[in-house]
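S.K.: Please find one structure pasted underneath; my questions will follow.
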Amino acid sequence: MNVKKTAGWLVPTLYILFLMLPIYWLINMSFKTTNEILGSFTLYPQEFTLDNYITIFTDPTWYMGYVNSISYVTLNTAISVAVALPAAYAFSRYRFIGDKHLFFWLLTNRMAPPAVFALPFFQLYSAVGLFDTHIAVALAHTLFNIPLAVWILEGFMSGVPRELDETAYVDGHSFWSFFGKIFIPTIAAGIGVACFFCFMFSWVELLLAKTLTAVEAKPIAATMTKTASSSGYELGLLAAAGTLTIIPGAFVIYFVRNYIAKGFALGRV
Amino acid sequence: MNKLQNNKAWLFVLPVFALVAFNAIIPLMTVVNYSMQETFGNNEFFWAGVIWFQDILQSERFHASLGRQAIFTASILAIEMPLGIAIALCMPRKGPWVSVCLVLMALPLLIPWNVVGAMWNIFALPDIGFLGHMLNAIGFDFNFTRQPGDAWFTLILMDVWHWTSLVVLLAYAGLSSIPDAYYQAAKIDGAGGWAIFRFIQLPKLKRVLTIAFLLRFMDSFMIYTEPFVLTGGGPGNSTTLLSIDLVKIALGQFDLGPAAAMSLVYFLIILALSWVFYTVMMRNEEQ
């Protein structure tokens with residue numbers, strides 16, 4: 001029993017240490033001067049500096065990258081969850097012609113490598129005049145986020161018994177009044193989890209976001225890639241920008257922390 | 001749950017269908033179109049039939065990157081699945097530390113992929129990175145930008161760092177849904193730790209583990225950004241995985257025909273393997 005108890009805190013602790021080390025190294029670098037980074041190996045900043053962060057917050061090409069990323073991620077999450085809600089309801093409550101095939105076809109889009117779609121997406125969105133807009137990236141990311149949102153929401157909705165729907169109709173609710181006032185509050189946790197996943201996969205994706213934007217809607221991740229390659233090795237700046245990209249994710253996790261264990265089971269274990 | 005037959009439900013699915021069709025069918029048809037034509041620039045295209053497909057299927061370059069891809073995916077699955085389950089089993093079920101653990105573990109999942117690559121690049125640099133410096137300090141000759149073996153080691157370690165948490169969270173969610181009564185029954189029967197795992201926990205975890213396995217398989221098979229930022233496919237071609245090779249051909253050399261044919265073959269491989277895994281795992285579940 002003693003061995004088991006020790007393993008109970010030792011293994012997660014070691015694992016979390018392993019997860020935190022590279023993150024610590026990134027944060028550590030972001031407070032160093034370029035001279036210190038290239039000059040010596042130090043475990044913590046000897047000449048503590050905020051210059052890297054000041055550069056990012058005062059230069060529009062840097063901070064607009066964050067604004068752009070957050071705009072299209074929010075837009076994508078809203079679109080994906082809004083259209084996935086009725087569809088997931090249909091899949092969880094009704095049988096209709098081609099339902100199983102449609103569901104599988106939706107999931108196959110989650111399996112499509114972005115590298116395959118990069119070039120045709122560029123041509124498609126240029127042709128419809130949406131190239132370099134936030135909405136283009138938001139729509140492109142629905143390719144893998146809608147199937148995921150439908151999948152997650154369908155799981156949560158199937159966990160709600162159909163008696164709920166029937167009682168509501170008997171009580172005189174119309175469909176939309178039932179859906180908005182009773183059903184959506186019932187599966188609020190599921191919607192939260194779906195939003196979390198949509199946010200996550202849209203926030204971390206770069207290949208499509210980079211292909212579909214040039215100046216106006218360029219994501220922060222693309223700004224970073226350019227800095228890394230064009231202006232030599234500004235590691236401190238790169239590290240500071242990277243550190244800042246971790247913050248929105250940390251916020252989102254904090255808000256869904258109570259659903260995380262249940263939500264990751266996608267509603268129906 | 002028994003469902004009602006109602007074809008009007010299609011109306012609910014229509015917005016999803018329209019959006020995904022716009023994003024999936026038009027680009028896919030573009031790819032199919034390119035894959036059967038030859039172009040010499042100036043927007044002139046000529047019918048080429050299936051020669052690009054023949055080329056791809058016989059190309060040594062494609063076989064090599066497919067091989068590297070298979071090794072990569074197999075290794076990360078072999079490490080992440082057991083490791084993730086083991087960590088989930090060790091975690092406490094209740095208490096204030098659980099949500100702290102879960103939040104910290106979920107953190108790598110929400111870091112943009114190129115930042116993950118850049119972070120590991122900085123972390124593993126042989127002179128100024130923590131990992132590289134320490135490995136060299138204890139006597140290994142470690143340099144991931146020069147030696148293919150070291151590049152592979154860093155690549156796999158990075159993916160384990162990045163994605164093991166997904167398996168942990170899914171497995172943990174599955175474990176916490178097992179009612180206490182199951183464990184009490186096992187105690188009365190005198191079952192040991194291994195027996196509890198084999199006959200209670202593992203069967204209950206089958207569904208979430210199927211999801212974890214499929215997600216990890218699909219995502220590792222299409223991985224692009226992290227290895228591209230970390231190693232750029234090098235040294236030489238030693239870490240050029242399928243997506244990196246594809247982008248090189250399509251956007252680097254603008255060989256539209258061969259790139260399109262390779263895209264389709266690539267997509268079909270993922271589809272077919274996912275389908276096989278899914279069917280096999282579901283069949284096991286039924287037995």
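Ligands are numbered from 1 in the order shown, chains are lettered A, B, ... in the order of the structure tokens, and residues start at 1 in each chain.
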Please report, as a list in words, each residue of stretch 24-247 of chain B to which DSSP assigns strand (DSSP E) when run on this structure's backbone.
M.R.: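 The strand (DSSP E) subset of stretch 24-247 of chain B is Gln37, Glu38, Thr39, Phe45, Phe46 and Trp47 of chain B.
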S.K.: If we count only C-alpha atoms, what is near stretch 158-168 of chain B at a cut-off of 9 Å, once residues fewer than 3 positions away on the same chain are taken out, given as a ChimeraX atom specification?
M.R.: /A:18-19,264 /B:76,79-89,102,105-109,111,116-117,120,153-155,171-173,208-209,212-213,216,220,226
S.K.: Interatomic distance between atom CA of A:Ile37 and atom CA of B:Gly129?
M.R.: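 Value for the atom CA of A:Ile37-atom CA of B:Gly129 distance: 9.5 Å.
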S.K.: Using DSSP assignments from the backbone, pull out every residue in stretch 6-93 of chain B that falls under alpha helix (DSSP H) and give it to me as number ranges by chain.
M.R.: B: 10-35, 51-58, 60-90
S.K.: Extract, using only C-alpha atoms, all DNA, RNA and protein residues at most 12 Å from A:Leu21, discarding same-chain residues fewer than 3 positions from it, and format them as a VMD selection string.
M.R.: (chain A and resid 14 to 18 24 to 28 43) or (chain B and resid 108 119 to 120 122 to 124 129 to 131 158 161)
S.K.: Skipping near chain neighbours, those fewer than 3 positions away, what residues fall within 9 Å of A:Ala115 using only C-alpha atoms, listed as JSON, numbers by chain?
M.R.: {"A": [112, 118, 119, 207, 208], "B": [222, 224, 243, 244, 246, 247, 263]}
S.K.: B:Lys94: which residues within 12 Å, counting only C-alpha atoms, same-chain residues fewer than 3 positions away excluded, as number ranges by chain?
M.R.: A: 8, 261; B: 91, 97-102, 172, 175-176
S.K.: Expressed in Å to a single decimal, how great is the separation between atom CA of A:Trp203 and atom CA of A:Thr245?
M.R.: 9.2 Å
S.K.: A:Val81: which residues within 9 Å, counting only C-alpha atoms, same-chain residues fewer than 6 positions away excluded, as a VMD selection string?
M.R.: chain A and resid 145 to 146 149 to 150 153 191 194 to 195 198
S.K.: Put those residues in a file: C-alpha atoms, as an mmCIF file, in the first residue's frame.
M.R.:
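Saved the output as out-v9.cif:
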```
data_model
loop_
_atom_site.group_PDB
_atom_site.id
_atom_site.type_symbol
_atom_site.label_atom_id
_atom_site.label_comp_id
_atom_site.auth_asym_id
_atom_site.auth_seq_id
_atom_site.Cartn_x
_atom_site.Cartn_y
_atom_site.Cartn_z
ATOM 1 C CA ASN A 145 -14.022 22.141 -35.742
ATOM 2 C CA ILE A 146 -17.613 21.570 -36.895
ATOM 3 C CA ALA A 149 -18.347 20.100 -32.139
ATOM 4 C CA VAL A 150 -21.126 17.942 -33.610
ATOM 5 C CA LEU A 153 -22.539 17.858 -28.543
ATOM 6 C CA ILE A 191 -21.517 23.540 -24.915
ATOM 7 C CA ALA A 194 -17.358 22.059 -27.299
ATOM 8 C CA CYS A 195 -16.302 25.728 -27.142
ATOM 9 C CA CYS A 198 -13.034 24.631 -30.906
#
```
S.K.: For each of B:Ala191, B:Cys90, B:Ala64, B:Met134, take the minimum atom-to-atom distance to chain A, counting only C-alpha atoms, then give the residue where this is smallest.
M.R.: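 So, comparing all the options, the nearest one is B:Cys90.
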S.K.: Name all residues at most 12 Å from A:Met157 (count only C-alpha atoms; drop same-chain ones fewer than 5 positions away) and give them as a ChimeraX atom specification.
M.R.: /A:84-94,149-152,162,164-165,179,183-191,266-268 /B:1
S.K.: What would the file look like if the residues just selected were written as a CSV table (one decimal), in the first residue's frame with N, CA and C atoms?
M.R.:
```
chain,number,residue,atom,x,y,z
A,84,ALA,N,-23.4,23.7,-35.1
A,84,ALA,CA,-23.3,22.3,-34.7
A,84,ALA,C,-24.5,22.0,-33.7
A,85,LEU,N,-25.0,23.0,-33.0
A,85,LEU,CA,-26.1,22.7,-32.1
A,85,LEU,C,-27.3,22.1,-32.7
A,86,PRO,N,-28.0,22.7,-33.7
A,86,PRO,CA,-29.1,22.0,-34.3
A,86,PRO,C,-28.8,20.7,-34.9
A,87,ALA,N,-27.6,20.6,-35.6
A,87,ALA,CA,-27.2,19.4,-36.3
A,87,ALA,C,-27.0,18.3,-35.2
A,88,ALA,N,-26.4,18.6,-34.1
A,88,ALA,CA,-26.2,17.5,-33.1
A,88,ALA,C,-27.5,17.1,-32.5
A,89,TYR,N,-28.5,18.0,-32.4
A,89,TYR,CA,-29.8,17.7,-31.9
A,89,TYR,C,-30.5,16.7,-32.9
A,90,ALA,N,-30.4,17.0,-34.2
A,90,ALA,CA,-30.9,16.1,-35.2
A,90,ALA,C,-30.3,14.7,-35.1
A,91,PHE,N,-29.0,14.7,-35.0
A,91,PHE,CA,-28.4,13.3,-34.9
A,91,PHE,C,-28.7,12.6,-33.7
A,92,SER,N,-28.9,13.3,-32.5
A,92,SER,CA,-29.2,12.6,-31.3
A,92,SER,C,-30.7,12.2,-31.2
A,93,ARG,N,-31.6,12.9,-31.9
A,93,ARG,CA,-33.0,12.6,-31.7
A,93,ARG,C,-33.7,11.9,-32.8
A,94,TYR,N,-33.2,12.0,-34.0
A,94,TYR,CA,-34.0,11.5,-35.2
A,94,TYR,C,-33.1,10.6,-36.0
A,149,ALA,N,-17.3,19.5,-33.0
A,149,ALA,CA,-18.3,20.1,-32.1
A,149,ALA,C,-19.6,19.2,-32.2
A,150,VAL,N,-19.9,18.8,-33.4
A,150,VAL,CA,-21.1,17.9,-33.6
A,150,VAL,C,-21.0,16.7,-32.8
A,151,TRP,N,-19.8,16.1,-32.9
A,151,TRP,CA,-19.5,14.8,-32.2
A,151,TRP,C,-19.6,15.0,-30.7
A,152,ILE,N,-19.0,16.0,-30.1
A,152,ILE,CA,-19.1,16.3,-28.7
A,152,ILE,C,-20.5,16.5,-28.2
A,162,ARG,N,-35.3,11.7,-23.8
A,162,ARG,CA,-36.3,12.4,-24.7
A,162,ARG,C,-37.5,12.8,-23.9
A,164,LEU,N,-37.7,14.7,-21.6
A,164,LEU,CA,-37.6,16.1,-21.3
A,164,LEU,C,-38.2,16.9,-22.5
A,165,ASP,N,-37.9,16.5,-23.7
A,165,ASP,CA,-38.5,17.2,-24.9
A,165,ASP,C,-40.1,17.1,-24.8
A,179,PHE,N,-36.1,24.7,-27.1
A,179,PHE,CA,-34.7,24.5,-27.4
A,179,PHE,C,-33.9,25.6,-26.7
A,183,PHE,N,-33.6,23.3,-23.2
A,183,PHE,CA,-32.6,22.3,-23.7
A,183,PHE,C,-31.2,22.9,-23.6
A,184,ILE,N,-31.0,24.1,-24.1
A,184,ILE,CA,-29.6,24.6,-24.1
A,184,ILE,C,-29.0,24.8,-22.6
A,185,PRO,N,-29.9,25.3,-21.7
A,185,PRO,CA,-29.3,25.3,-20.3
A,185,PRO,C,-29.0,23.9,-19.8
A,186,THR,N,-29.8,22.9,-20.2
A,186,THR,CA,-29.5,21.5,-19.7
A,186,THR,C,-28.2,21.0,-20.1
A,187,ILE,N,-27.8,21.4,-21.4
A,187,ILE,CA,-26.5,20.8,-21.9
A,187,ILE,C,-25.4,21.9,-21.8
A,188,ALA,N,-25.5,22.9,-20.9
A,188,ALA,CA,-24.6,24.0,-20.9
A,188,ALA,C,-23.1,23.4,-20.7
A,189,ALA,N,-22.9,22.4,-19.9
A,189,ALA,CA,-21.6,21.9,-19.7
A,189,ALA,C,-21.0,21.4,-21.1
A,190,GLY,N,-21.9,20.7,-21.8
A,190,GLY,CA,-21.5,20.2,-23.2
A,190,GLY,C,-21.1,21.3,-24.1
A,191,ILE,N,-21.8,22.4,-24.1
A,191,ILE,CA,-21.5,23.5,-24.9
A,191,ILE,C,-20.2,24.1,-24.5
A,266,LEU,N,-16.2,13.2,-23.5
A,266,LEU,CA,-17.1,13.5,-24.6
A,266,LEU,C,-18.5,13.1,-24.2
A,267,GLY,N,-18.9,13.2,-23.0
A,267,GLY,CA,-20.3,13.1,-22.6
A,267,GLY,C,-20.9,11.7,-22.4
A,268,ARG,N,-20.2,10.7,-22.9
A,268,ARG,CA,-20.9,9.4,-22.8
A,268,ARG,C,-20.0,8.2,-22.5
B,1,MET,N,-31.1,4.8,-26.9
B,1,MET,CA,-32.3,5.5,-27.1
B,1,MET,C,-32.9,5.2,-28.5
```
S.K.: Which of these residues is nearest to chain B, using only C-alpha atoms: A:Asp51, A:Glu216, A:Asp171, A:Glu36?
M.R.: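 So, comparing all the options, the nearest one is A:Glu36.
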S.K.: Which of these, A:Ala214, A:Ile182, A:Leu206, A:Leu237, has the shortest distance to A:Val160 once you count only C-alpha atoms?
M.R.: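 The shortest atom-to-atom distance to A:Val160 comes from A:Ile182.
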S.K.: Which one is closest to chain A: B:Leu4, B:Leu256, B:Leu264, B:Met36? Count only C-alpha atoms.
M.R.: B:Leu4
